[in-house]
Structure formats: structure tokens, C-alpha cells
Amino acid sequence: MQVKVYVPKVIEIPSEYLPALAKRAADSLGDRAQEVSATRGHLVRQAVQDGLLREFDTLVNEDGTVDLVCDPGMEIPLELESKTLSVSELLEALQYKRTWADVKSSEAA
């Protein structure tokens with residue numbers, strides 16, 4: 001019998017890498033990046049794919065996907081000022097260090 005086991009582990013991703021990781025995660029989702037809720041998993045899986053977390057190289061499948069879950073039960077969407085962000089909105093907030101109100105007002109324009 002084979003059973004996949006996920007062991008809790010704390011990792012550190014330097015803040016300066018987050019905008020680039022969010023950009024590549026958004027690019028990989030294409031048009032869906034505007035509707036998919038951003039999670040820590042998007043950033044961590046991208047970091048593994050980019051080789052920033054070498055200890056997880058064994059979790060990269062032959063097709064390049066990463067078999068990794070970051071939050072217990074399911075991945076919890078990231079929020080900014082109590083609002084759930086899409087991957088695109090996370091990217092915009094990280095790139096420009098904007099507040100949620102700034103992100104929403106730019107979308108309305």
C-alpha cells in the first residue's frame with residue numbers, strides 16, 4: 001500500500017523574491033490568474049520550480065508540476081486588508097506595494 005504523507009515544515013522565502021515568484025505563478029495560470037485565489041502554495045510551488053528550495057527538488061514531477069500543499073486541510077487564500085486576493089491582485093500588490101484600495105481603484109479606472 002502506498003500512502004502520501006505530508007510532514008509540516010517551516011520554510012523561509014526572502015521577501016524580495018515574492019514579486020518575481022508571484023509574477024511567474026500568474027504567468028503559469030494565464031487568464032485564470034484573475035479569478036484564482038492566491039495562496040501561499042502558489043508562491044512556494046513556484047519557488048520549488050525555480051530551484052530556490054532545493055530540499056524539495058524530489059517533489060517536482062516529470063511534467064514540472066510540484067506535489068506540495070502548504071496549509072492544513074486545504075490551501076487558505078491570501079488576504080490583504082480582509083479581502084481575498086486573486087493571483088493577479090497579489091502580483092500587483094507585491095510589485096507596487098499598494099494597499100487594497102489602490103488595487104481596487106486602479107481596476108475600476
# chains A, B, ... in the order shown; residues from 1 in each chain; ligands from 1

$ residues_around --residues "range 18-24 of chain A" --least-positions-apart "5" --cutoff "12 Å" --atoms "only C-alpha atoms" --output "number ranges by chain"
A: 12-13, 29-30, 33, 38-52, 85-97

$ write_last_selection --atoms "N, CA and C atoms" --output "short mmCIF file (atom, residue, chain, number, x, y, z; two decimals), in the first residue's frame"
data_model
loop_
_atom_site.label_atom_id
_atom_site.label_comp_id
_atom_site.auth_asym_id
_atom_site.auth_seq_id
_atom_site.Cartn_x
_atom_site.Cartn_y
_atom_site.Cartn_z
N GLU A 12 11.56 29.47 4.74
CA GLU A 12 11.70 30.92 4.64
C GLU A 12 11.97 31.27 3.19
N ILE A 13 11.16 32.18 2.66
CA ILE A 13 11.40 32.73 1.32
C ILE A 13 11.64 34.22 1.52
N LEU A 29 -0.60 30.58 -14.79
CA LEU A 29 -2.06 30.43 -14.77
C LEU A 29 -2.73 31.11 -15.96
N GLY A 30 -2.01 32.00 -16.63
CA GLY A 30 -2.57 32.70 -17.77
C GLY A 30 -3.77 33.55 -17.38
N ALA A 33 -5.42 33.64 -13.80
CA ALA A 33 -4.79 34.33 -12.68
C ALA A 33 -5.68 35.40 -12.09
N ALA A 38 -5.23 33.63 -4.66
CA ALA A 38 -3.81 33.44 -4.37
C ALA A 38 -3.64 32.70 -3.04
N THR A 39 -2.67 31.79 -2.98
CA THR A 39 -2.36 31.08 -1.74
C THR A 39 -0.85 31.06 -1.54
N ARG A 40 -0.44 30.70 -0.36
CA ARG A 40 1.00 30.52 -0.10
C ARG A 40 1.55 29.45 -1.02
N GLY A 41 0.72 28.47 -1.30
CA GLY A 41 1.13 27.36 -2.17
C GLY A 41 1.59 27.81 -3.54
N HIS A 42 0.92 28.82 -4.12
CA HIS A 42 1.35 29.32 -5.42
C HIS A 42 2.79 29.80 -5.35
N LEU A 43 3.11 30.53 -4.30
CA LEU A 43 4.46 31.09 -4.15
C LEU A 43 5.49 30.00 -3.83
N VAL A 44 5.13 29.08 -2.94
CA VAL A 44 6.08 28.03 -2.54
C VAL A 44 6.33 27.07 -3.69
N ARG A 45 5.26 26.64 -4.38
CA ARG A 45 5.47 25.73 -5.52
C ARG A 45 6.32 26.39 -6.59
N GLN A 46 6.11 27.68 -6.83
CA GLN A 46 6.94 28.39 -7.81
C GLN A 46 8.39 28.45 -7.35
N ALA A 47 8.61 28.68 -6.07
CA ALA A 47 9.97 28.70 -5.53
C ALA A 47 10.65 27.35 -5.71
N VAL A 48 9.90 26.26 -5.52
CA VAL A 48 10.46 24.93 -5.74
C VAL A 48 10.79 24.74 -7.22
N GLN A 49 9.88 25.12 -8.10
CA GLN A 49 10.14 25.01 -9.54
C GLN A 49 11.35 25.83 -9.97
N ASP A 50 11.53 26.99 -9.34
CA ASP A 50 12.65 27.87 -9.68
C ASP A 50 13.97 27.43 -9.05
N GLY A 51 13.93 26.40 -8.21
CA GLY A 51 15.15 25.90 -7.59
C GLY A 51 15.60 26.67 -6.36
N LEU A 52 14.71 27.48 -5.78
CA LEU A 52 15.08 28.24 -4.59
C LEU A 52 15.03 27.40 -3.32
N LEU A 85 -7.38 37.90 -2.24
CA LEU A 85 -6.73 38.36 -3.46
C LEU A 85 -6.67 37.26 -4.51
N SER A 86 -6.83 37.64 -5.77
CA SER A 86 -6.53 36.71 -6.86
C SER A 86 -5.02 36.71 -7.04
N VAL A 87 -4.51 35.79 -7.82
CA VAL A 87 -3.07 35.75 -8.07
C VAL A 87 -2.63 37.04 -8.75
N SER A 88 -3.42 37.54 -9.68
CA SER A 88 -3.09 38.81 -10.36
C SER A 88 -3.05 39.98 -9.38
N GLU A 89 -4.02 40.03 -8.48
CA GLU A 89 -4.06 41.12 -7.50
C GLU A 89 -2.89 41.02 -6.53
N LEU A 90 -2.52 39.80 -6.15
CA LEU A 90 -1.35 39.61 -5.28
C LEU A 90 -0.10 40.13 -5.98
N LEU A 91 0.06 39.78 -7.24
CA LEU A 91 1.20 40.24 -8.02
C LEU A 91 1.25 41.75 -8.05
N GLU A 92 0.13 42.38 -8.33
CA GLU A 92 0.08 43.84 -8.40
C GLU A 92 0.42 44.46 -7.04
N ALA A 93 -0.14 43.92 -5.97
CA ALA A 93 0.13 44.45 -4.64
C ALA A 93 1.60 44.29 -4.26
N LEU A 94 2.20 43.16 -4.61
CA LEU A 94 3.62 42.93 -4.28
C LEU A 94 4.55 43.80 -5.12
N GLN A 95 4.22 43.93 -6.39
CA GLN A 95 5.09 44.71 -7.28
C GLN A 95 5.12 46.17 -6.90
N TYR A 96 4.00 46.69 -6.55
CA TYR A 96 3.91 48.14 -6.33
C TYR A 96 3.71 48.50 -4.87
N LYS A 97 3.66 47.47 -4.00
CA LYS A 97 3.45 47.68 -2.57
C LYS A 97 2.27 48.60 -2.33
#

$ atom_distance --atom1 "CA of Leu78 in chain A" --atom2 "CA of Ser37 in chain A"
7.4 Å

$ residues_around --residues "Tyr6 in chain A" --least-positions-apart "3" --cutoff "12 Å" --atoms "only C-alpha atoms" --output "ChimeraX atom specification"
/A:3,9,59,67-73

$ select_by_dssp --residues "chain A" --states "strand (DSSP E or B)" --output "list of chain:residue names"
A:Ser37, A:Thr39, A:Val60, A:Val66, A:Pro77, A:Glu79, A:Leu80, A:Lys83, A:Thr84, A:Ser86

$ write_last_selection --atoms "C-alpha atoms" --output "mmCIF file, in the first residue's frame"
data_model
loop_
_atom_site.group_PDB
_atom_site.id
_atom_site.type_symbol
_atom_site.label_atom_id
_atom_site.label_comp_id
_atom_site.auth_asym_id
_atom_site.auth_seq_id
_atom_site.Cartn_x
_atom_site.Cartn_y
_atom_site.Cartn_z
ATOM 1 C CA SER A 37 -7.474 32.984 -5.268
ATOM 2 C CA THR A 39 -2.364 31.076 -1.736
ATOM 3 C CA VAL A 60 8.918 18.139 -8.777
ATOM 4 C CA VAL A 66 5.142 20.366 -7.795
ATOM 5 C CA PRO A 77 -6.451 32.152 0.230
ATOM 6 C CA GLU A 79 -5.878 38.322 2.120
ATOM 7 C CA LEU A 80 -4.942 41.982 2.150
ATOM 8 C CA LYS A 83 -10.094 40.919 1.166
ATOM 9 C CA THR A 84 -9.189 37.707 -0.661
ATOM 10 C CA SER A 86 -6.531 36.710 -6.856
#

$ select_by_dssp --residues "range 43-77 of chain A" --states "helix (DSSP H, G or I)" --output "list in words"
Leu43, Val44, Arg45, Gln46, Ala47, Val48, Gln49, Arg54, Glu55, Phe56, Asp57, Thr58 and Leu59 of chain A

$ write_last_selection --atoms "C-alpha atoms" --output "PDB file, in the first residue's frame"
ATOM      1  CA  LEU A  43       4.464  31.087  -4.149  1.00  0.00           C
ATOM      2  CA  VAL A  44       6.077  28.034  -2.535  1.00  0.00           C
ATOM      3  CA  ARG A  45       5.466  25.731  -5.519  1.00  0.00           C
ATOM      4  CA  GLN A  46       6.936  28.386  -7.814  1.00  0.00           C
ATOM      5  CA  ALA A  47       9.971  28.702  -5.525  1.00  0.00           C
ATOM      6  CA  VAL A  48      10.459  24.926  -5.738  1.00  0.00           C
ATOM      7  CA  GLN A  49      10.136  25.010  -9.544  1.00  0.00           C
ATOM      8  CA  ARG A  54      16.497  22.593  -3.257  1.00  0.00           C
ATOM      9  CA  GLU A  55      15.435  20.374  -0.371  1.00  0.00           C
ATOM     10  CA  PHE A  56      12.095  19.922  -2.179  1.00  0.00           C
ATOM     11  CA  ASP A  57      13.501  19.005  -5.603  1.00  0.00           C
ATOM     12  CA  THR A  58      12.147  15.467  -5.194  1.00  0.00           C
ATOM     13  CA  LEU A  59       8.609  16.895  -5.183  1.00  0.00           C
TER      14      LEU A  59
END
